[in-house]
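Below is the file target_26.txt, which contains compact mmCIF, C-alpha atoms.
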# COMPACT_ATOMS: atom_id res chain seq x y z
CA MET A 1 0.00 0.00 0.00
CA THR A 2 1.35 3.42 -0.95
CA SER A 3 0.33 6.99 0.06
CA HIS A 4 -0.15 9.75 -2.49
CA ALA A 5 -1.33 13.35 -2.73
CA ILE A 6 -2.69 14.84 -5.93
CA LEU A 7 -3.77 18.37 -6.79
CA THR A 8 -6.26 18.73 -9.65
CA THR A 9 -7.53 21.94 -11.21
CA VAL A 10 -11.12 21.58 -12.39
CA THR A 11 -13.87 23.70 -13.91
CA GLU A 12 -16.03 25.18 -11.12
CA ARG A 13 -19.34 23.33 -11.40
CA PRO A 14 -21.41 20.85 -9.34
CA GLY A 15 -20.55 17.16 -9.81
CA MET A 16 -16.78 17.57 -10.34
CA LEU A 17 -15.89 15.90 -7.02
CA HIS A 18 -18.17 13.02 -7.96
CA ALA A 19 -16.43 12.67 -11.34
CA VAL A 20 -12.95 12.83 -9.80
CA THR A 21 -13.72 10.33 -7.01
CA LYS A 22 -15.03 7.88 -9.63
CA VAL A 23 -11.47 7.52 -10.97
CA LEU A 24 -10.16 6.87 -7.47
CA ALA A 25 -12.91 4.32 -6.75
CA ASP A 26 -12.07 2.56 -10.05
CA HIS A 27 -8.45 2.21 -8.85
CA SER A 28 -9.58 0.97 -5.38
CA ALA A 29 -7.96 4.04 -3.83
CA ASP A 30 -8.80 4.64 -0.16
CA ILE A 31 -9.30 8.41 0.12
CA LYS A 32 -7.90 9.78 3.41
CA TYR A 33 -8.30 13.52 2.92
CA VAL A 34 -9.95 15.86 0.44
CA ASP A 35 -9.79 19.61 0.19
CA ILE A 36 -11.66 21.83 -2.21
CA HIS A 37 -10.53 25.35 -2.97
CA GLY A 38 -13.21 27.21 -4.90
CA GLY A 39 -12.46 29.93 -7.43
CA ASP A 40 -14.61 31.93 -9.85
CA ARG A 41 -14.05 29.77 -12.89
CA LEU A 42 -11.65 27.06 -11.68
CA SER A 43 -11.51 25.07 -8.45
CA GLU A 44 -8.71 22.99 -6.98
CA ILE A 45 -9.45 19.53 -5.62
CA TYR A 46 -6.68 18.19 -3.42
CA LEU A 47 -6.76 14.47 -2.57
CA GLU A 48 -4.73 12.26 -0.26
CA PHE A 49 -5.23 8.55 -0.70
CA THR A 50 -3.61 5.13 -0.45
CA LEU A 51 -3.39 2.63 -3.30
CA PRO A 52 -3.17 -1.16 -3.00
CA ASP A 53 -0.15 -1.10 -5.36
CA ASP A 54 2.26 1.74 -6.21
CA GLY A 55 0.65 2.88 -9.47
CA ALA A 56 -0.22 6.56 -8.95
CA ALA A 57 0.77 7.23 -12.57
CA ALA A 58 -2.31 5.38 -13.88
CA VAL A 59 -4.58 7.39 -11.55
CA ILE A 60 -3.06 10.66 -12.73
CA GLU A 61 -3.49 9.63 -16.37
CA ASP A 62 -7.16 8.68 -15.87
CA LEU A 63 -7.88 11.88 -13.92
CA GLY A 64 -6.48 13.92 -16.83
CA ARG A 65 -9.10 12.35 -19.11
CA VAL A 66 -12.11 13.42 -16.96
CA PRO A 67 -14.08 16.20 -18.73
CA GLY A 68 -13.63 19.45 -16.76
CA VAL A 69 -10.24 18.47 -15.30
CA GLU A 70 -7.68 21.01 -16.50
CA SER A 71 -4.55 19.77 -14.75
CA VAL A 72 -3.33 17.03 -12.40
CA ALA A 73 -0.10 17.02 -10.40
CA GLU A 74 1.41 15.01 -7.56
CA THR A 75 2.29 17.08 -4.47
CA PRO A 76 3.57 16.53 -0.88
CA THR A 77 0.83 15.60 1.62
CA PHE A 78 -0.37 18.04 4.32
CA GLY A 79 0.54 15.33 6.81
CA ARG A 80 4.16 15.57 5.69
CA ILE A 81 4.12 19.40 5.86
CA TYR A 82 1.87 20.41 8.77
CA GLY A 83 1.85 17.06 10.58
CA LYS A 84 0.03 16.42 13.84
CA ARG A 85 -2.07 19.19 15.31
CA VAL A 86 -2.43 20.28 18.93
CA ILE A 87 -5.51 22.50 19.33
CA VAL A 88 -5.65 25.11 22.10
CA MET A 89 -8.93 26.88 22.86
CA GLY A 90 -10.38 29.14 25.52
CA GLY A 91 -9.64 32.60 26.93
CA GLY A 92 -7.19 34.75 24.96
CA ALA A 93 -4.77 35.36 27.87
CA GLN A 94 -4.41 31.65 28.69
CA VAL A 95 -4.50 30.42 25.09
CA GLY A 96 -1.58 32.74 24.29
CA MET A 97 0.55 31.39 27.15
CA VAL A 98 -0.25 27.73 26.34
CA ALA A 99 0.60 28.43 22.69
CA MET A 100 3.97 29.95 23.71
CA GLY A 101 4.89 26.76 25.57
CA ALA A 102 3.57 24.46 22.87
CA ILE A 103 5.27 26.32 20.00
CA ALA A 104 8.64 26.42 21.79
CA GLU A 105 8.38 22.68 22.46
CA ALA A 106 7.16 21.87 18.93
CA ASP A 107 10.19 23.76 17.59
CA ARG A 108 12.51 21.40 19.51
CA HIS A 109 10.78 18.31 18.10
CA ASN A 110 10.31 19.61 14.55
CA ILE A 111 14.06 20.31 14.36
CA ARG A 112 14.56 16.58 15.01
CA GLY A 113 12.25 15.56 12.16
CA GLU A 114 8.79 15.75 13.76
CA ARG A 115 5.98 17.82 12.24
CA ILE A 116 3.74 19.33 14.91
CA SER A 117 1.45 22.33 14.40
CA VAL A 118 -0.12 24.33 17.24
CA ASP A 119 -3.54 25.67 16.27
CA THR A 120 -5.48 28.03 18.51
CA ILE A 121 -8.78 29.79 18.84
CA PRO A 122 -9.69 32.26 21.57
CA LEU A 123 -13.40 31.82 22.31
CA VAL A 124 -15.92 32.91 24.92
CA GLY A 125 -19.21 31.23 25.87
CA GLU A 126 -20.24 27.78 27.07
CA HIS A 127 -22.16 26.87 23.91
CA GLU A 128 -19.45 28.16 21.56
CA LEU A 129 -16.66 26.32 23.37
CA ALA A 130 -18.66 23.08 23.56
CA ALA A 131 -19.27 23.23 19.79
CA ALA A 132 -15.55 23.91 19.16
CA VAL A 133 -14.54 20.96 21.38
CA ARG A 134 -16.89 18.63 19.49
CA ALA A 135 -15.70 19.93 16.09
CA ALA A 136 -12.03 19.41 17.07
CA ALA A 137 -12.62 15.65 16.96
CA ARG A 138 -13.72 16.01 13.32
CA LEU A 139 -10.82 18.23 12.16
CA PRO A 140 -8.05 16.43 10.26
CA ARG A 141 -4.78 15.39 11.97
CA VAL A 142 -5.82 16.59 15.46
CA ARG A 143 -4.02 14.58 18.19
CA LEU A 144 -4.68 16.52 21.39
CA LEU A 145 -6.87 19.30 22.74
CA VAL A 146 -5.90 21.82 25.44
CA LEU A 147 -8.63 23.75 27.25
CA ALA A 148 -7.17 26.99 28.54
CA GLY A 149 -9.31 29.29 30.67
CA SER A 150 -10.30 30.32 34.19
CA ILE A 151 -13.72 28.68 34.43
CA MET A 152 -15.27 26.01 32.19
CA GLY A 153 -18.01 23.52 32.93
CA GLY A 154 -21.55 22.47 32.00
CA GLU A 155 -21.94 21.68 28.30
CA ILE A 156 -18.16 22.03 27.76
CA SER A 157 -17.53 19.15 30.21
CA VAL A 158 -20.09 17.02 28.37
CA ALA A 159 -18.28 17.75 25.08
CA VAL A 160 -14.88 16.89 26.65
CA ALA A 161 -16.25 13.52 27.79
CA GLU A 162 -17.58 12.89 24.26
CA VAL A 163 -14.32 13.62 22.42
CA ARG A 164 -12.28 11.60 24.93
CA LYS A 165 -14.55 8.64 24.16
CA LEU A 166 -13.73 9.18 20.45
CA GLY A 167 -10.02 8.84 21.35
CA LEU A 168 -8.97 12.51 21.50
CA PRO A 169 -6.95 13.20 24.70
CA VAL A 170 -7.67 16.47 26.56
CA ILE A 171 -5.38 18.50 28.81
CA SER A 172 -7.08 21.15 30.96
CA LEU A 173 -5.57 24.05 32.84
CA ASN A 174 -6.28 23.91 36.56
CA MET A 175 -9.37 26.12 36.71
CA ALA A 176 -12.83 26.58 38.22
CA GLY A 177 -15.68 24.45 36.90
CA SER A 178 -15.99 20.75 36.08
CA VAL A 179 -13.77 20.58 32.94
CA PRO A 180 -10.59 19.64 34.91
CA ASP A 181 -12.48 16.63 36.36
CA GLU A 182 -13.21 15.37 32.83
CA ALA A 183 -9.72 15.93 31.37
CA ASP A 184 -6.93 13.34 31.04
CA LEU A 185 -4.43 15.63 32.75
CA VAL A 186 -4.67 18.94 34.67
CA VAL A 187 -1.80 21.44 34.64
CA THR A 188 -1.63 24.77 36.51
CA ASP A 189 1.13 26.56 34.56
CA PRO A 190 -0.12 27.35 31.02
CA VAL A 191 3.38 27.26 29.49
CA GLN A 192 3.98 23.82 31.01
CA ALA A 193 0.54 22.66 29.79
CA GLY A 194 1.57 23.61 26.23
CA VAL A 195 4.93 21.85 26.55
CA MET A 196 3.31 18.68 27.95
CA ALA A 197 0.68 18.70 25.19
CA VAL A 198 3.38 18.64 22.50
CA MET A 199 5.46 16.05 24.38
CA ALA A 200 2.38 13.82 24.55
CA VAL A 201 1.98 13.73 20.75
CA ALA A 202 5.67 13.79 19.70
CA ASP A 203 7.23 10.51 18.66
CA THR A 204 10.60 12.09 19.52
CA ALA A 205 9.53 12.52 23.19
CA LYS A 206 9.40 9.89 25.92
CA PHE A 207 6.41 11.46 27.77
CA ASP A 208 3.53 9.00 28.08
CA LEU A 209 0.25 10.81 28.76
CA MET A 210 -1.39 7.56 29.79
CA ARG A 211 1.06 7.24 32.72
CA GLN A 212 0.02 10.75 33.82
CA LEU A 213 -3.69 9.97 33.55
CA LYS A 214 -5.84 11.98 35.97
CA LYS A 215 -2.80 13.56 37.65
CA ARG A 216 -2.73 17.23 38.54
CA TYR A 217 0.30 19.53 38.33
CA MET B 1 -28.75 29.41 -2.27
CA THR B 2 -28.32 27.91 1.20
CA SER B 3 -25.24 26.56 3.06
CA HIS B 4 -25.28 23.23 4.88
CA ALA B 5 -22.96 20.87 6.74
CA ILE B 6 -23.65 17.16 7.05
CA LEU B 7 -21.83 14.43 8.96
CA THR B 8 -22.28 10.88 7.65
CA THR B 9 -21.00 7.68 9.23
CA VAL B 10 -20.12 5.10 6.57
CA THR B 11 -18.61 1.65 6.32
CA GLU B 12 -14.82 1.91 5.86
CA ARG B 13 -14.22 0.79 2.25
CA PRO B 14 -13.04 2.34 -1.04
CA GLY B 15 -15.73 4.05 -3.13
CA MET B 16 -17.84 5.43 -0.28
CA LEU B 17 -16.94 9.06 -1.03
CA HIS B 18 -17.87 8.45 -4.65
CA ALA B 19 -21.25 7.01 -3.59
CA VAL B 20 -21.94 9.89 -1.19
CA THR B 21 -20.96 12.62 -3.67
CA LYS B 22 -23.31 11.09 -6.25
CA VAL B 23 -26.27 12.09 -4.06
CA LEU B 24 -24.92 15.64 -3.79
CA ALA B 25 -24.32 15.84 -7.55
CA ASP B 26 -27.90 14.63 -8.15
CA HIS B 27 -29.17 17.54 -6.01
CA SER B 28 -26.88 20.05 -7.82
CA ALA B 29 -25.07 20.69 -4.54
CA ASP B 30 -21.84 22.68 -4.81
CA ILE B 31 -19.43 21.00 -2.38
CA LYS B 32 -17.23 23.53 -0.57
CA TYR B 33 -15.42 21.32 1.92
CA VAL B 34 -15.00 17.63 2.63
CA ASP B 35 -13.33 15.91 5.51
CA ILE B 36 -12.80 12.20 5.99
CA HIS B 37 -12.11 10.69 9.37
CA GLY B 38 -11.05 7.09 9.01
CA GLY B 39 -11.74 4.42 11.59
CA ASP B 40 -11.22 0.66 11.71
CA ARG B 41 -14.70 -0.36 10.62
CA LEU B 42 -16.53 2.96 10.22
CA SER B 43 -15.43 6.28 8.71
CA GLU B 44 -16.97 9.72 9.03
CA ILE B 45 -17.46 11.84 5.92
CA TYR B 46 -18.13 15.48 6.72
CA LEU B 47 -19.43 17.68 3.87
CA GLU B 48 -20.08 21.39 3.54
CA PHE B 49 -22.06 22.44 0.49
CA THR B 50 -24.50 24.95 -0.93
CA LEU B 51 -27.83 24.06 -2.51
CA PRO B 52 -29.72 26.06 -5.17
CA ASP B 53 -32.87 25.87 -2.97
CA ASP B 54 -33.23 25.27 0.78
CA GLY B 55 -34.01 21.53 0.69
CA ALA B 56 -31.28 19.84 2.76
CA ALA B 57 -33.91 17.41 4.07
CA ALA B 58 -34.14 15.66 0.68
CA VAL B 59 -30.32 15.31 0.51
CA ILE B 60 -30.23 13.82 4.01
CA GLU B 61 -33.00 11.37 3.12
CA ASP B 62 -31.25 10.24 -0.09
CA LEU B 63 -27.89 9.91 1.70
CA GLY B 64 -29.53 7.63 4.26
CA ARG B 65 -30.50 5.25 1.43
CA VAL B 66 -26.93 4.80 0.11
CA PRO B 67 -25.65 1.28 0.88
CA GLY B 68 -22.87 1.54 3.48
CA VAL B 69 -24.16 4.80 5.00
CA GLU B 70 -24.99 4.11 8.67
CA SER B 71 -26.10 7.56 9.81
CA VAL B 72 -26.57 11.13 8.50
CA ALA B 73 -26.92 14.29 10.60
CA GLU B 74 -26.81 18.03 10.01
CA THR B 75 -24.10 19.86 12.00
CA PRO B 76 -22.64 23.41 12.30
CA THR B 77 -19.99 24.22 9.66
CA PHE B 78 -16.27 24.53 10.52
CA GLY B 79 -16.49 28.01 9.05
CA ARG B 80 -19.01 28.97 11.72
CA ILE B 81 -16.90 27.40 14.49
CA TYR B 82 -13.23 27.94 13.60
CA GLY B 83 -13.74 30.73 11.05
CA LYS B 84 -10.89 32.45 9.22
CA ARG B 85 -7.36 31.23 9.78
CA VAL B 86 -4.17 33.23 10.19
CA ILE B 87 -1.12 30.99 9.75
CA VAL B 88 2.16 31.82 11.47
CA MET B 89 5.32 29.91 10.54
CA GLY B 90 9.06 30.15 11.11
CA GLY B 91 11.40 30.08 14.11
CA GLY B 92 9.88 28.97 17.43
CA ALA B 93 10.89 32.08 19.39
CA GLN B 94 9.33 34.48 16.88
CA VAL B 95 6.32 32.31 16.03
CA GLY B 96 5.44 32.23 19.75
CA MET B 97 5.56 36.02 20.07
CA VAL B 98 3.54 36.61 16.87
CA ALA B 99 0.99 34.04 18.11
CA MET B 100 0.69 35.88 21.46
CA GLY B 101 -0.19 39.11 19.67
CA ALA B 102 -2.50 37.44 17.17
CA ILE B 103 -4.38 35.39 19.80
CA ALA B 104 -4.90 38.41 22.08
CA GLU B 105 -6.24 40.41 19.12
CA ALA B 106 -8.40 37.51 17.83
CA ASP B 107 -9.92 37.26 21.33
CA ARG B 108 -11.05 40.91 21.08
CA HIS B 109 -12.71 40.32 17.70
CA ASN B 110 -14.19 36.90 18.48
CA ILE B 111 -15.93 38.40 21.53
CA ARG B 112 -17.68 40.76 19.09
CA GLY B 113 -18.91 37.91 16.89
CA GLU B 114 -15.92 37.21 14.63
CA ARG B 115 -14.39 33.74 14.32
CA ILE B 116 -10.64 33.89 13.82
CA SER B 117 -8.20 31.02 14.51
CA VAL B 118 -4.44 31.43 14.81
CA ASP B 119 -2.59 28.36 13.53
CA THR B 120 1.15 27.98 13.87
CA ILE B 121 4.05 25.75 12.94
CA PRO B 122 7.65 26.23 14.03
CA LEU B 123 9.87 25.04 11.18
CA VAL B 124 13.51 25.18 10.19
CA GLY B 125 15.02 24.92 6.69
CA GLU B 126 14.60 26.76 3.41
CA HIS B 127 13.01 23.83 1.55
CA GLU B 128 10.65 22.93 4.44
CA LEU B 129 9.46 26.53 4.88
CA ALA B 130 8.96 27.04 1.13
CA ALA B 131 6.81 23.88 0.99
CA ALA B 132 4.78 25.03 4.01
CA VAL B 133 4.22 28.49 2.43
CA ARG B 134 2.97 26.88 -0.78
CA ALA B 135 0.73 24.43 1.10
CA ALA B 136 -0.81 27.28 3.15
CA ALA B 137 -2.53 28.53 -0.02
CA ARG B 138 -4.22 25.11 -0.35
CA LEU B 139 -5.39 24.79 3.28
CA PRO B 140 -9.06 25.63 3.90
CA ARG B 141 -10.16 29.03 5.28
CA VAL B 142 -6.63 30.54 5.33
CA ARG B 143 -6.77 34.34 4.97
CA LEU B 144 -3.27 35.53 5.81
CA LEU B 145 0.24 34.19 6.35
CA VAL B 146 2.85 35.58 8.74
CA LEU B 147 6.51 34.66 8.26
CA ALA B 148 8.30 34.96 11.58
CA GLY B 149 12.04 34.43 11.75
CA SER B 150 15.47 36.05 11.72
CA ILE B 151 16.59 35.18 8.19
CA MET B 152 14.51 33.89 5.26
CA GLY B 153 15.17 34.10 1.54
CA GLY B 154 15.86 32.04 -1.58
CA GLU B 155 13.17 29.45 -2.28
CA ILE B 156 10.98 30.85 0.54
CA SER B 157 10.82 34.23 -1.25
CA VAL B 158 9.81 32.48 -4.49
CA ALA B 159 7.03 30.67 -2.59
CA VAL B 160 5.86 33.95 -0.99
CA ALA B 161 5.61 35.57 -4.45
CA GLU B 162 3.59 32.56 -5.68
CA VAL B 163 1.01 32.55 -2.86
CA ARG B 164 0.58 36.34 -3.06
CA LYS B 165 -0.28 35.89 -6.74
CA LEU B 166 -2.93 33.34 -5.67
CA GLY B 167 -4.45 36.05 -3.46
CA LEU B 168 -3.00 35.13 -0.05
CA PRO B 169 -1.55 38.23 1.71
CA VAL B 170 1.77 37.82 3.55
CA ILE B 171 3.15 39.77 6.52
CA SER B 172 6.86 39.33 7.24
CA LEU B 173 8.83 40.24 10.32
CA ASN B 174 11.64 42.67 9.61
CA MET B 175 14.53 40.23 9.14
CA ALA B 176 17.60 39.36 7.10
CA GLY B 177 17.11 37.83 3.65
CA SER B 178 14.80 38.67 0.75
CA VAL B 179 11.43 37.58 2.23
CA PRO B 180 10.59 41.06 3.60
CA ASP B 181 11.00 42.47 0.06
CA GLU B 182 8.35 40.04 -1.24
CA ALA B 183 5.83 40.54 1.59
CA ASP B 184 2.79 42.86 1.59
CA LEU B 185 3.82 44.42 4.89
CA VAL B 186 6.93 44.28 7.08
CA VAL B 187 6.71 44.65 10.87
CA THR B 188 9.60 44.66 13.37
CA ASP B 189 7.76 43.89 16.63
CA PRO B 190 6.44 40.29 16.50
CA VAL B 191 3.50 41.00 18.85
CA GLN B 192 2.44 43.94 16.66
CA ALA B 193 2.82 41.76 13.54
CA GLY B 194 0.38 39.26 15.06
CA VAL B 195 -2.08 41.99 16.02
CA MET B 196 -1.93 43.56 12.54
CA ALA B 197 -2.40 40.16 10.88
CA VAL B 198 -5.66 39.60 12.77
CA MET B 199 -6.82 43.19 12.19
CA ALA B 200 -6.25 42.69 8.46
CA VAL B 201 -8.65 39.71 8.28
CA ALA B 202 -11.27 40.82 10.84
CA ASP B 203 -14.50 42.31 9.52
CA THR B 204 -14.87 43.99 12.91
CA ALA B 205 -11.61 45.95 12.37
CA LYS B 206 -11.05 49.03 10.23
CA PHE B 207 -7.43 48.17 9.30
CA ASP B 208 -6.96 47.99 5.53
CA LEU B 209 -3.85 46.00 4.63
CA MET B 210 -3.97 47.34 1.08
CA ARG B 211 -3.45 50.88 2.39
CA GLN B 212 -0.34 49.63 4.23
CA LEU B 213 1.04 47.87 1.16
CA LYS B 214 4.82 47.63 1.11
CA LYS B 215 5.18 49.78 4.26
CA ARG B 216 7.65 48.87 6.99
CA TYR B 217 7.09 49.31 10.75

Step by step, read the file and then write its structure as structure tokens.
Amino acid sequence: MTSHAILTTVTERPGMLHAVTKVLADHSADIKYVDIHGGDRLSEIYLEFTLPDDGAAAVIEDLGRVPGVESVAETPTFGRIYGKRVIVMGGGAQVGMVAMGAIAEADRHNIRGERISVDTIPLVGEHELAAAVRAAARLPRVRLLVLAGSIMGGEISVAVAEVRKLGLPVISLNMAGSVPDEADLVVTDPVQAGVMAVMAVADTAKFDLMRQLKKRY
Amino acid sequence: MTSHAILTTVTERPGMLHAVTKVLADHSADIKYVDIHGGDRLSEIYLEFTLPDDGAAAVIEDLGRVPGVESVAETPTFGRIYGKRVIVMGGGAQVGMVAMGAIAEADRHNIRGERISVDTIPLVGEHELAAAVRAAARLPRVRLLVLAGSIMGGEISVAVAEVRKLGLPVISLNMAGSVPDEADLVVTDPVQAGVMAVMAVADTAKFDLMRQLKKRY
């Protein structure tokens, strides 16, 4: 099985994704990621997929024959470029400090060949944060979530329990509310929380989040 | 025209995306975003699309009839939750400071109803950074790129020129190398660069990047 990424430029009209995915289905490709970038006249469809054998050339040739496809090119995968994602969300002051720690630590691992991105969103409101927590489990390449704030509970705690069940680990700052009780790990210092988050997802680190389960720092 | 987001759970096997997109093509849906979340036995296919009329109910019903589709549900769009993205890349020390400024400023706008995410990756190496710059133009919802480092040039400058031509504005820190010459705006203080980046993409701000074009601060 081999992994590939292909960027196609297509005429902007409904049904193009259906036409393009037909070629991949015909080649028994297992599509792992799709991105569509709309333009006025032309759109780009970016596809990451695995093939049972190593024949991406045949896929590219067949894609070039689809009516409406203007160009097809192989390209590096997002996974190779942006890698694993740590998502930090909550209050701006705390999110900034967690990001500082996480980015500094990601730098140390990325220099040694890792690819870790730190993605953040400052947000206010129980409903908004709960929706963002739930959506994080659906975003591509997300490996860990950090909740950074001063008080979080209610619907946010319910959402944390849900995403943990889906296999997404959650680190919470030590704060008021019930979110720390639901998290895998609770950390008081936001910079340290960011560092630990990156260590937990880095293959170049020896930190095992599961051994820290339910501890508080 | 109406916008919708749908999350389907499907049996993990090649061809499912093709089968699902057939339903959308039949309803003349214009697909704006797709995400695939693979599992062992089941996968999730998340779709954002617009319809010529407001009948998402018919699409949901038809999707439920596709063999291999286990469940279909409407859900809020990523655009509504994570919104516009500012991407910051470069050296860890500078990326962290730019992120601090950008996150603090995004907090101020998100409180007033905006949705701005600040996504970062610390990276080293001319080739690696150039590839990340080029890929940023293909990532969904990206509105602005900040290059944060002490020296960047060569292939990175070529990549900056390319993404600017595709319509992605670039802010560069004031640094050694040719990247500042290619950027839309050059800023010395990393915190201010982050703040300006968010102001430039926020509808709630009055900052017009085009009026600052080629200025240096």

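Distance check against chain B using all atoms listed in the file: of A:Ala148, A:Ala193, A:Leu185, A:Ile45, the minimum falls on A:Ile45.
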
Can you build me a table of chain A residues sitting at most 7 Å from chain B, with the closest atom pair per residue and its distance in Å to one decimal, using only C-alpha atoms, sorted by chain and residue number, as a Markdown table?
| residue | atom | partner | partner_atom | distance |
| --- | --- | --- | --- | --- |
| A:Pro14 | CA | B:Asp30 | CA | 4.9 |
| A:Gly15 | CA | B:Ala25 | CA | 4.6 |
| A:Leu17 | CA | B:Thr21 | CA | 6.9 |
| A:His18 | CA | B:Thr21 | CA | 5.1 |
| A:Thr21 | CA | B:His18 | CA | 5.1 |
| A:Lys22 | CA | B:His18 | CA | 5.8 |
| A:Ala25 | CA | B:Gly15 | CA | 4.6 |
| A:Ser28 | CA | B:Pro14 | CA | 5.7 |
| A:Ala29 | CA | B:Pro14 | CA | 6.0 |
| A:Asp30 | CA | B:Pro14 | CA | 4.9 |
| A:Lys32 | CA | B:Ile36 | CA | 6.0 |
| A:Tyr33 | CA | B:Ile36 | CA | 5.6 |
| A:Val34 | CA | B:Val34 | CA | 5.8 |
| A:Asp35 | CA | B:Val34 | CA | 6.1 |
| A:Ile36 | CA | B:Tyr33 | CA | 5.6 |
| A:His37 | CA | B:Arg138 | CA | 6.8 |
| A:Gly38 | CA | B:Lys32 | CA | 7.0 |
| A:Ile81 | CA | B:Ala132 | CA | 6.0 |
| A:Gly92 | CA | B:Asp107 | CA | 5.2 |
| A:Ala93 | CA | B:Ala104 | CA | 6.5 |
| A:Gly96 | CA | B:Met100 | CA | 4.8 |
| A:Ala99 | CA | B:Gly96 | CA | 6.8 |
| A:Met100 | CA | B:Gly96 | CA | 4.8 |
| A:Ile103 | CA | B:Gly92 | CA | 5.9 |
| A:Ala104 | CA | B:Gly92 | CA | 5.2 |
| A:Ala106 | CA | B:Pro122 | CA | 6.6 |
| A:Asp107 | CA | B:Pro122 | CA | 5.0 |
| A:Asn110 | CA | B:Leu123 | CA | 6.4 |
| A:Ile111 | CA | B:Val124 | CA | 6.4 |
| A:Ile116 | CA | B:Ile121 | CA | 6.7 |
| A:Ser117 | CA | B:Ile121 | CA | 4.5 |
| A:Val118 | CA | B:Thr120 | CA | 5.1 |
| A:Asp119 | CA | B:Asp119 | CA | 4.0 |
| A:Thr120 | CA | B:Val118 | CA | 5.1 |
| A:Ile121 | CA | B:Ser117 | CA | 4.5 |
| A:Pro122 | CA | B:Asp107 | CA | 5.0 |
| A:Leu123 | CA | B:Asn110 | CA | 6.4 |
| A:Val124 | CA | B:Ile111 | CA | 6.5 |
| A:Ala132 | CA | B:Ile81 | CA | 6.0 |
| A:Arg138 | CA | B:His37 | CA | 6.8 |

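As for CA of Ile60 (chain B) and CA of Asp40 (chain B), they are spaced 24.4 Å apart.
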
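Put simply, CA of Ser172 (chain B) is 24.8 Å away from CA of Gly79 (chain A).
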
- Distance of CA of Thr8 (chain B) from CA of Gly68 (chain B), expressed in Å to one decimal place: 10.2 Å

- Which residue, B:Ile151, B:Ala205, B:Ala159, B:Leu168, has the smallest gap to Pro180 (chain B) when you use all atoms listed in the file? B:Ile151

Determine the axis-aligned bounding box of all atoms of region 92-105 of chain A present in the file, pad each side by 6 Å, and express its centre and edge lengths in Å to one decimal place as JSON.
{"center_x": 0.7, "center_y": 29.0, "center_z": 24.3, "size_x": 27.8, "size_y": 24.7, "size_z": 20.7}

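Restricting the calculation to all atoms listed in the file, the smallest distance between Thr188 (chain B) and any of B:Val160, B:Leu147, B:Ala5, B:Ala56 is found for B:Leu147.
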
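Residue nearest Asp181 (chain A), chosen from A:Met196, A:Val163, A:Leu209, A:Met152 and counting all atoms listed in the file: A:Met152.
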
- Item | Surrounding residues of Arg164 (chain B) excluding itself and chain neighbours under 6 positions, 9 Å, only C-alpha atoms, as a count of residues only | 5
